[in-house]
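Student: Here you go, upload15.pdb (PDB, C-alpha atoms):
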```pdb
ATOM      1  CA  LYS D   1     -34.687  -8.396 -41.433
ATOM      2  CA  GLU D   2     -35.627  -4.928 -42.636
ATOM      3  CA  TYR D   3     -39.212  -6.005 -43.327
ATOM      4  CA  SER D   4     -39.551  -7.692 -39.899
ATOM      5  CA  ARG D   5     -38.228  -4.599 -38.128
ATOM      6  CA  VAL D   6     -40.670  -2.320 -39.989
ATOM      7  CA  MET D   7     -43.603  -4.655 -39.196
ATOM      8  CA  PHE D   8     -42.619  -4.854 -35.519
ATOM      9  CA  LEU D   9     -42.338  -1.055 -35.219
ATOM     10  CA  SER D  10     -45.628  -0.566 -37.084
ATOM     11  CA  ILE D  11     -47.543  -2.959 -34.825
ATOM     12  CA  SER D  12     -45.929  -1.441 -31.715
ATOM     13  CA  GLY D  13     -46.867   2.054 -32.885
ATOM     14  CA  LEU D  14     -50.425   0.935 -33.578
ATOM     15  CA  CYS D  15     -50.723  -0.586 -30.075
ATOM     16  CA  PHE D  16     -49.323   2.587 -28.497
ATOM     17  CA  PHE D  17     -51.780   4.710 -30.507
ATOM     18  CA  ALA D  18     -54.648   2.465 -29.367
ATOM     19  CA  TYR D  19     -53.478   2.886 -25.743
ATOM     20  CA  LEU D  20     -53.416   6.683 -26.170
ATOM     21  CA  MET D  21     -56.935   6.657 -27.576
ATOM     22  CA  LEU D  22     -58.147   4.452 -24.710
ATOM     23  CA  CYS D  23     -56.613   6.875 -22.206
ATOM     24  CA  LEU D  24     -58.294   9.775 -23.963
ATOM     25  CA  LEU D  25     -61.633   7.956 -24.004
ATOM     26  CA  THR D  26     -61.558   7.039 -20.296
ATOM     27  CA  GLY D  27     -60.049  10.344 -19.149
ATOM     28  CA  LYS D  28     -57.052   8.724 -17.488
ATOM     29  CA  ASN D  29     -53.464   9.901 -17.424
ATOM     30  CA  VAL D  30     -51.218   8.168 -19.972
ATOM     31  CA  PHE D  31     -48.663   7.348 -17.272
ATOM     32  CA  ASP D  32     -51.195   5.709 -14.897
ATOM     33  CA  ILE D  33     -50.339   2.228 -16.087
ATOM     34  CA  PHE D  34     -50.670   0.377 -12.792
ATOM     35  CA  PRO D  35     -53.404   0.878 -10.193
ATOM     36  CA  PRO D  36     -52.331   2.503  -6.939
ATOM     37  CA  VAL D  37     -51.334   0.251  -4.069
ATOM     38  CA  PRO D  38     -53.867   0.580  -1.225
ATOM     39  CA  ALA D  39     -52.395   1.994   1.941
ATOM     40  CA  LEU D  40     -52.390  -0.088   5.080
ATOM     41  CA  GLN D  41     -54.155   2.693   6.966
ATOM     42  CA  GLU D  42     -57.267   2.146   4.847
ATOM     43  CA  ASN D  43     -57.948  -1.133   6.642
ATOM     44  CA  ARG D  44     -59.470  -1.144  10.093
ATOM     45  CA  LYS D  45     -60.079  -3.778  12.722
ATOM     46  CA  ILE D  46     -63.600  -4.712  13.640
ATOM     47  CA  THR D  47     -64.874  -7.087  16.285
ATOM     48  CA  ILE D  48     -67.134  -9.860  15.088
ATOM     49  CA  TYR D  49     -69.162 -12.190  17.263
ATOM     50  CA  ILE D  50     -69.595 -15.832  16.329
ATOM     51  CA  PRO D  51     -71.512 -18.700  17.961
ATOM     52  CA  SER D  52     -68.989 -20.938  19.704
ATOM     53  CA  GLU D  53     -68.563 -24.622  18.992
ATOM     54  CA  GLY D  54     -71.736 -26.449  19.995
ATOM     55  CA  CYS D  55     -73.548 -23.086  20.368
ATOM     56  CA  THR D  56     -72.799 -22.793  24.059
ATOM     57  CA  GLY D  57     -72.009 -19.093  23.859
ATOM     58  CA  ILE D  58     -70.793 -16.286  21.657
ATOM     59  CA  ILE D  59     -67.080 -15.700  21.060
ATOM     60  CA  GLN D  60     -65.450 -12.617  19.614
ATOM     61  CA  GLU D  61     -62.654 -12.255  17.085
ATOM     62  CA  GLN D  62     -60.883  -9.395  15.348
ATOM     63  CA  ARG D  63     -60.974  -9.053  11.560
ATOM     64  CA  ARG D  64     -59.705  -6.443   9.124
ATOM     65  CA  VAL D  65     -62.038  -4.770   6.630
ATOM     66  CA  PHE D  66     -61.642  -1.910   4.177
ATOM     67  CA  SER D  67     -62.366   1.312   6.056
ATOM     68  CA  ASP D  68     -64.087   3.308   3.312
ATOM     69  CA  LEU D  69     -67.061   0.967   2.911
ATOM     70  CA  GLU D  70     -70.570   2.397   2.902
ATOM     71  CA  ASP D  71     -72.878   1.118   5.629
ATOM     72  CA  ASP D  72     -74.767  -1.375   3.434
ATOM     73  CA  LYS D  73     -71.518  -2.775   1.982
ATOM     74  CA  LEU D  74     -70.078  -3.101   5.494
ATOM     75  CA  VAL D  75     -73.211  -4.959   6.635
ATOM     76  CA  HIS D  76     -72.846  -7.252   3.609
ATOM     77  CA  ARG D  77     -69.217  -8.013   4.537
ATOM     78  CA  ILE D  78     -70.027  -8.492   8.232
ATOM     79  CA  PHE D  79     -72.856 -10.907   7.394
ATOM     80  CA  TYR D  80     -70.540 -13.191   5.439
ATOM     81  CA  LEU D  81     -67.799 -12.964   8.105
ATOM     82  CA  VAL D  82     -70.227 -14.094  10.812
ATOM     83  CA  ALA D  83     -71.675 -16.827   8.576
ATOM     84  CA  ALA D  84     -68.182 -18.140   7.746
ATOM     85  CA  GLY D  85     -67.450 -18.788  11.412
ATOM     86  CA  SER D  86     -64.285 -18.697  13.440
ATOM     87  CA  GLN D  87     -60.782 -18.789  12.046
ATOM     88  CA  TYR D  88     -59.489 -20.554  15.166
ATOM     89  CA  GLU D  89     -62.237 -22.975  16.202
ATOM     90  CA  ASN D  90     -64.374 -25.497  14.338
ATOM     91  CA  THR D  91     -67.644 -23.573  14.165
ATOM     92  CA  LEU D  92     -68.551 -24.505  10.601
ATOM     93  CA  SER D  93     -71.502 -26.682  11.682
ATOM     94  CA  ASN D  94     -73.185 -23.736  13.467
ATOM     95  CA  VAL D  95     -74.253 -22.215  10.140
ATOM     96  CA  PRO D  96     -75.135 -25.167   7.886
ATOM     97  CA  ALA D  97     -76.556 -23.047   5.041
ATOM     98  CA  LYS D  98     -75.034 -21.009   2.249
ATOM     99  CA  PHE D  99     -76.579 -17.561   1.935
ATOM    100  CA  ILE D 100     -77.107 -15.165  -0.951
ATOM    101  CA  ILE D 101     -78.072 -11.628   0.029
ATOM    102  CA  LYS D 102     -80.649 -10.056  -2.283
ATOM    103  CA  LYS D 103     -80.896  -6.596  -0.736
ATOM    104  CA  ILE D 104     -79.918  -4.667   2.382
ATOM    105  CA  TRP D 105     -81.940  -1.739   3.724
ATOM    106  CA  ILE D 106     -80.953   0.568   6.558
ATOM    107  CA  VAL D 107     -83.997   2.533   7.707
ATOM    108  CA  ASP D 108     -84.935   4.663  10.702
ATOM    109  CA  SER D 109     -86.667   2.731  13.486
ATOM    110  CA  GLU D 110     -90.358   3.297  14.061
ATOM    111  CA  ASP D 111     -89.759   4.145  17.724
ATOM    112  CA  GLY D 112     -87.089   6.720  16.804
ATOM    113  CA  ASP D 113     -84.311   4.857  18.611
ATOM    114  CA  GLY D 114     -81.538   4.407  16.055
ATOM    115  CA  LYS D 115     -81.814   2.546  12.776
ATOM    116  CA  THR D 116     -82.999  -0.897  11.723
ATOM    117  CA  CYS D 117     -81.071  -3.044   9.257
ATOM    118  CA  LEU D 118     -83.151  -5.346   7.047
ATOM    119  CA  ILE D 119     -81.294  -8.121   5.219
ATOM    120  CA  ASP D 120     -83.269  -9.947   2.530
ATOM    121  CA  LEU D 121     -81.932 -13.429   1.744
ATOM    122  CA  MET D 122     -82.617 -15.900  -1.029
ATOM    123  CA  PRO D 123     -84.376 -19.070   0.176
ATOM    124  CA  VAL D 124     -81.912 -21.249   2.017
ATOM    125  CA  ILE D 125     -81.368 -24.825   0.892
ATOM    126  CA  ILE D 126     -79.659 -27.264   3.242
ATOM    127  CA  GLU D 127     -78.348 -30.617   2.143
ATOM    128  CA  LYS D 128     -80.040 -33.629   3.759
ATOM    129  CA  ASP D 129     -76.924 -35.155   5.326
ATOM    130  CA  VAL D 130     -75.828 -31.957   7.131
ATOM    131  CA  VAL D 131     -75.907 -32.081  10.943
ATOM    132  CA  VAL D 132     -77.610 -29.025  12.447
ATOM    133  CA  VAL D 133     -76.674 -27.925  15.968
ATOM    134  CA  LYS D 134     -79.679 -27.239  18.186
ATOM    135  CA  GLY D 135     -80.140 -23.517  18.831
ATOM    136  CA  SER D 136     -77.632 -22.525  16.164
ATOM    137  CA  GLU D 137     -80.021 -20.296  14.234
ATOM    138  CA  GLN D 138     -80.922 -18.169  17.248
ATOM    139  CA  MET D 139     -77.239 -17.871  18.232
ATOM    140  CA  PHE D 140     -76.388 -16.856  14.655
ATOM    141  CA  ARG D 141     -79.064 -14.144  14.704
ATOM    142  CA  GLU D 142     -77.842 -12.828  18.070
ATOM    143  CA  ALA D 143     -74.185 -12.822  16.986
ATOM    144  CA  LEU D 144     -75.038 -11.067  13.724
ATOM    145  CA  GLU D 145     -77.126  -8.392  15.443
ATOM    146  CA  LYS D 146     -74.451  -7.778  18.076
ATOM    147  CA  THR D 147     -71.708  -7.536  15.435
ATOM    148  CA  ILE D 148     -73.614  -5.149  13.175
ATOM    149  CA  ALA D 149     -74.789  -2.974  16.085
ATOM    150  CA  GLU D 150     -71.220  -2.608  17.350
ATOM    151  CA  ASN D 151     -69.518  -1.903  14.018
ATOM    152  CA  VAL D 152     -72.069   0.127  12.039
ATOM    153  CA  PRO D 153     -72.937   3.399  13.769
ATOM    154  CA  GLY D 154     -76.596   4.026  14.465
ATOM    155  CA  ILE D 155     -77.946   0.505  13.862
ATOM    156  CA  LYS D 156     -79.735  -0.947  16.887
ATOM    157  CA  LYS D 157     -81.760  -3.808  15.387
ATOM    158  CA  VAL D 158     -81.230  -6.367  12.610
ATOM    159  CA  ILE D 159     -84.078  -8.234  10.906
ATOM    160  CA  LEU D 160     -83.405 -11.148   8.570
ATOM    161  CA  LEU D 161     -85.946 -11.658   5.794
ATOM    162  CA  GLU D 162     -86.362 -14.613   3.463
ATOM    163  CA  LYS D 163     -87.867 -13.430   0.166
ATOM    164  CA  GLY D 164     -89.274 -10.435   2.055
ATOM    165  CA  VAL D 165     -90.879 -12.483   4.846
ATOM    166  CA  PRO D 166     -89.619 -11.544   8.334
ATOM    167  CA  CYS D 167     -89.076 -13.937  11.247
ATOM    168  CA  LYS D 168     -89.024 -17.008   9.022
ATOM    169  CA  LYS D 169     -86.849 -19.936  10.103
ATOM    170  CA  LEU D 170     -83.641 -20.007   8.102
ATOM    171  CA  TRP D 171     -82.932 -23.643   8.830
ATOM    172  CA  ASP D 172     -84.917 -26.231  10.739
ATOM    173  CA  ILE D 173     -83.773 -29.079  12.917
TER     174      ILE D 173
END
```
Just dump the structure as structure tokens.
Tutor:
Amino acid sequence: KEYSRVMFLSISGLCFFAYLMLCLLTGKNVFDIFPPVPALQENRKITIYIPSEGCTGIIQEQRRVFSDLEDDKLVHRIFYLVAAGSQYENTLSNVPAKFIIKKIWIVDSEDGDGKTCLIDLMPVIIEKDVVVVKGSEQMFREALEKTIAENVPGIKKVILLEKGVPCKKLWDI
């Protein structure tokens, strides 16, 4: 029993010493064991616009996002919220593709009226047996532009690029 107790205390002491050295190396306080709980005030509500079922119009919904996001990170989050569709209606068929964002640029407009957001996407691949709703791509672009323009200050125009090529069809009928 004496040997087991000494081994247990030795290993515990070694682990505690390793923890102290890790805290010293990272510059953290020894007593900051758990990360802080994010406050509820750090979330904010945004309005997103989504093509309705059958692409007959654009509906709006409220979502919560982290409030301290930079503009490009907020655009990234908004893009995926609009692409995911509605939480209350079956709008999944309006966006039949899965997207991967390569890069987001927010630049001043050439005409001096606000900023332009450029979103570069990886090439979109759609499965052959997926049903595509007519006019869904244009409604998706309009909903995305309206959502980003309303929630990110200064942005007036959104351009979607596919491998750097603007105005390319994202999905065809």
Student: Expressed in Å to a single decimal, how great is the separation between atom CA of D:Glu89 and atom CA of D:Ile148?
Tutor: 21.4 Å
Student: With distances taken over all atoms listed in the file, which of D:Leu25, D:Met122, D:Ala18, D:Ile59 is nearest to D:Met139?
Tutor: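 Comparing D:Leu25, D:Met122, D:Ala18, D:Ile59 against D:Met139, the winner is D:Ile59.
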Student: Please tabulate, as a Markdown table, the residues of stretch 83-102 of chain D that come within 12 Å of stretch 150-164 of chain D, each with its closest pair of atoms and the distance in Å to one decimal, counting only C-alpha atoms and ordering rows by chain, then residue number upward.
Tutor:
```
| residue | atom | partner | partner_atom | distance |
| --- | --- | --- | --- | --- |
| D:Phe99 | CA | D:Glu162 | CA | 10.3 |
| D:Ile100 | CA | D:Glu162 | CA | 10.3 |
| D:Ile101 | CA | D:Glu162 | CA | 9.5 |
| D:Lys102 | CA | D:Lys163 | CA | 8.3 |
```
Student: Determine the nearest neighbour of D:Gly114 from the options D:Ala149, D:Leu92, D:Ile11, D:Leu22, counting all atoms listed in the file.
Tutor: D:Ala149
Student: I'd like the neighbourhood of D:Glu70 as a PyMOL selection string, where a residue qualifies if any of its atoms comes within 12 Å (using all atoms listed in the file), though same-chain residues fewer than 4 positions away should be ignored.
Tutor: chain D and resi 65-66+74-77+104+106+151-153
Student: Residue by residue, what does the PyMOL selection byres ((chain D and resi 83) around 9) grab here? Present the result as a short mmCIF file (atom, residue, chain, number, x, y, z; two decimals) with C-alpha atoms, in the coordinates of the input.
Tutor:
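This went into expr34.cif:
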```
data_model
loop_
_atom_site.label_atom_id
_atom_site.label_comp_id
_atom_site.auth_asym_id
_atom_site.auth_seq_id
_atom_site.Cartn_x
_atom_site.Cartn_y
_atom_site.Cartn_z
CA ILE D 50 -69.60 -15.83 16.33
CA ILE D 78 -70.03 -8.49 8.23
CA PHE D 79 -72.86 -10.91 7.39
CA TYR D 80 -70.54 -13.19 5.44
CA LEU D 81 -67.80 -12.96 8.10
CA VAL D 82 -70.23 -14.09 10.81
CA ALA D 84 -68.18 -18.14 7.75
CA GLY D 85 -67.45 -18.79 11.41
CA LEU D 92 -68.55 -24.50 10.60
CA ASN D 94 -73.18 -23.74 13.47
CA VAL D 95 -74.25 -22.22 10.14
CA ALA D 97 -76.56 -23.05 5.04
CA LYS D 98 -75.03 -21.01 2.25
CA PHE D 99 -76.58 -17.56 1.94
CA PHE D 140 -76.39 -16.86 14.66
CA LEU D 144 -75.04 -11.07 13.72
#
```
Student: Can you save stretch 122-135 of chain D of the given block to a file, including N, CA and C atoms and formatted as a CSV table (one decimal), in the first residue's frame?
Tutor:
```
chain,number,residue,atom,x,y,z
D,122,MET,N,-16.1,27.0,-54.8
D,122,MET,CA,-15.5,25.8,-55.5
D,122,MET,C,-16.5,25.4,-56.5
D,123,PRO,N,-16.1,24.7,-57.6
D,123,PRO,CA,-17.1,24.3,-58.6
D,123,PRO,C,-18.2,23.4,-57.9
D,124,VAL,N,-19.4,23.7,-58.3
D,124,VAL,CA,-20.6,23.0,-57.7
D,124,VAL,C,-20.9,21.7,-58.5
D,125,ILE,N,-21.0,20.6,-57.8
D,125,ILE,CA,-21.4,19.4,-58.4
D,125,ILE,C,-22.8,19.0,-57.8
D,126,ILE,N,-23.7,18.7,-58.8
D,126,ILE,CA,-25.1,18.3,-58.4
D,126,ILE,C,-25.3,16.9,-58.8
D,127,GLU,N,-25.9,16.1,-57.9
D,127,GLU,CA,-26.2,14.7,-58.3
D,127,GLU,C,-27.2,14.7,-59.4
D,128,LYS,N,-27.2,13.6,-60.2
D,128,LYS,CA,-28.1,13.5,-61.4
D,128,LYS,C,-29.5,13.4,-61.0
D,129,ASP,N,-29.9,12.7,-59.9
D,129,ASP,CA,-31.3,12.5,-59.6
D,129,ASP,C,-31.9,13.6,-58.7
D,130,VAL,N,-31.3,14.7,-58.6
D,130,VAL,CA,-31.8,15.8,-57.8
D,130,VAL,C,-32.7,16.7,-58.7
D,131,VAL,N,-33.9,17.0,-58.2
D,131,VAL,CA,-34.9,17.8,-58.9
D,131,VAL,C,-34.5,19.3,-58.6
D,132,VAL,N,-34.4,20.1,-59.7
D,132,VAL,CA,-34.0,21.5,-59.6
D,132,VAL,C,-35.3,22.3,-59.9
D,133,VAL,N,-35.6,23.2,-59.0
D,133,VAL,CA,-36.8,24.1,-59.2
D,133,VAL,C,-36.4,25.2,-60.2
D,134,LYS,N,-37.3,25.5,-61.1
D,134,LYS,CA,-37.0,26.5,-62.2
D,134,LYS,C,-36.9,27.9,-61.5
D,135,GLY,N,-35.9,28.6,-61.8
D,135,GLY,CA,-35.7,30.0,-61.3
D,135,GLY,C,-35.1,30.0,-59.9
```
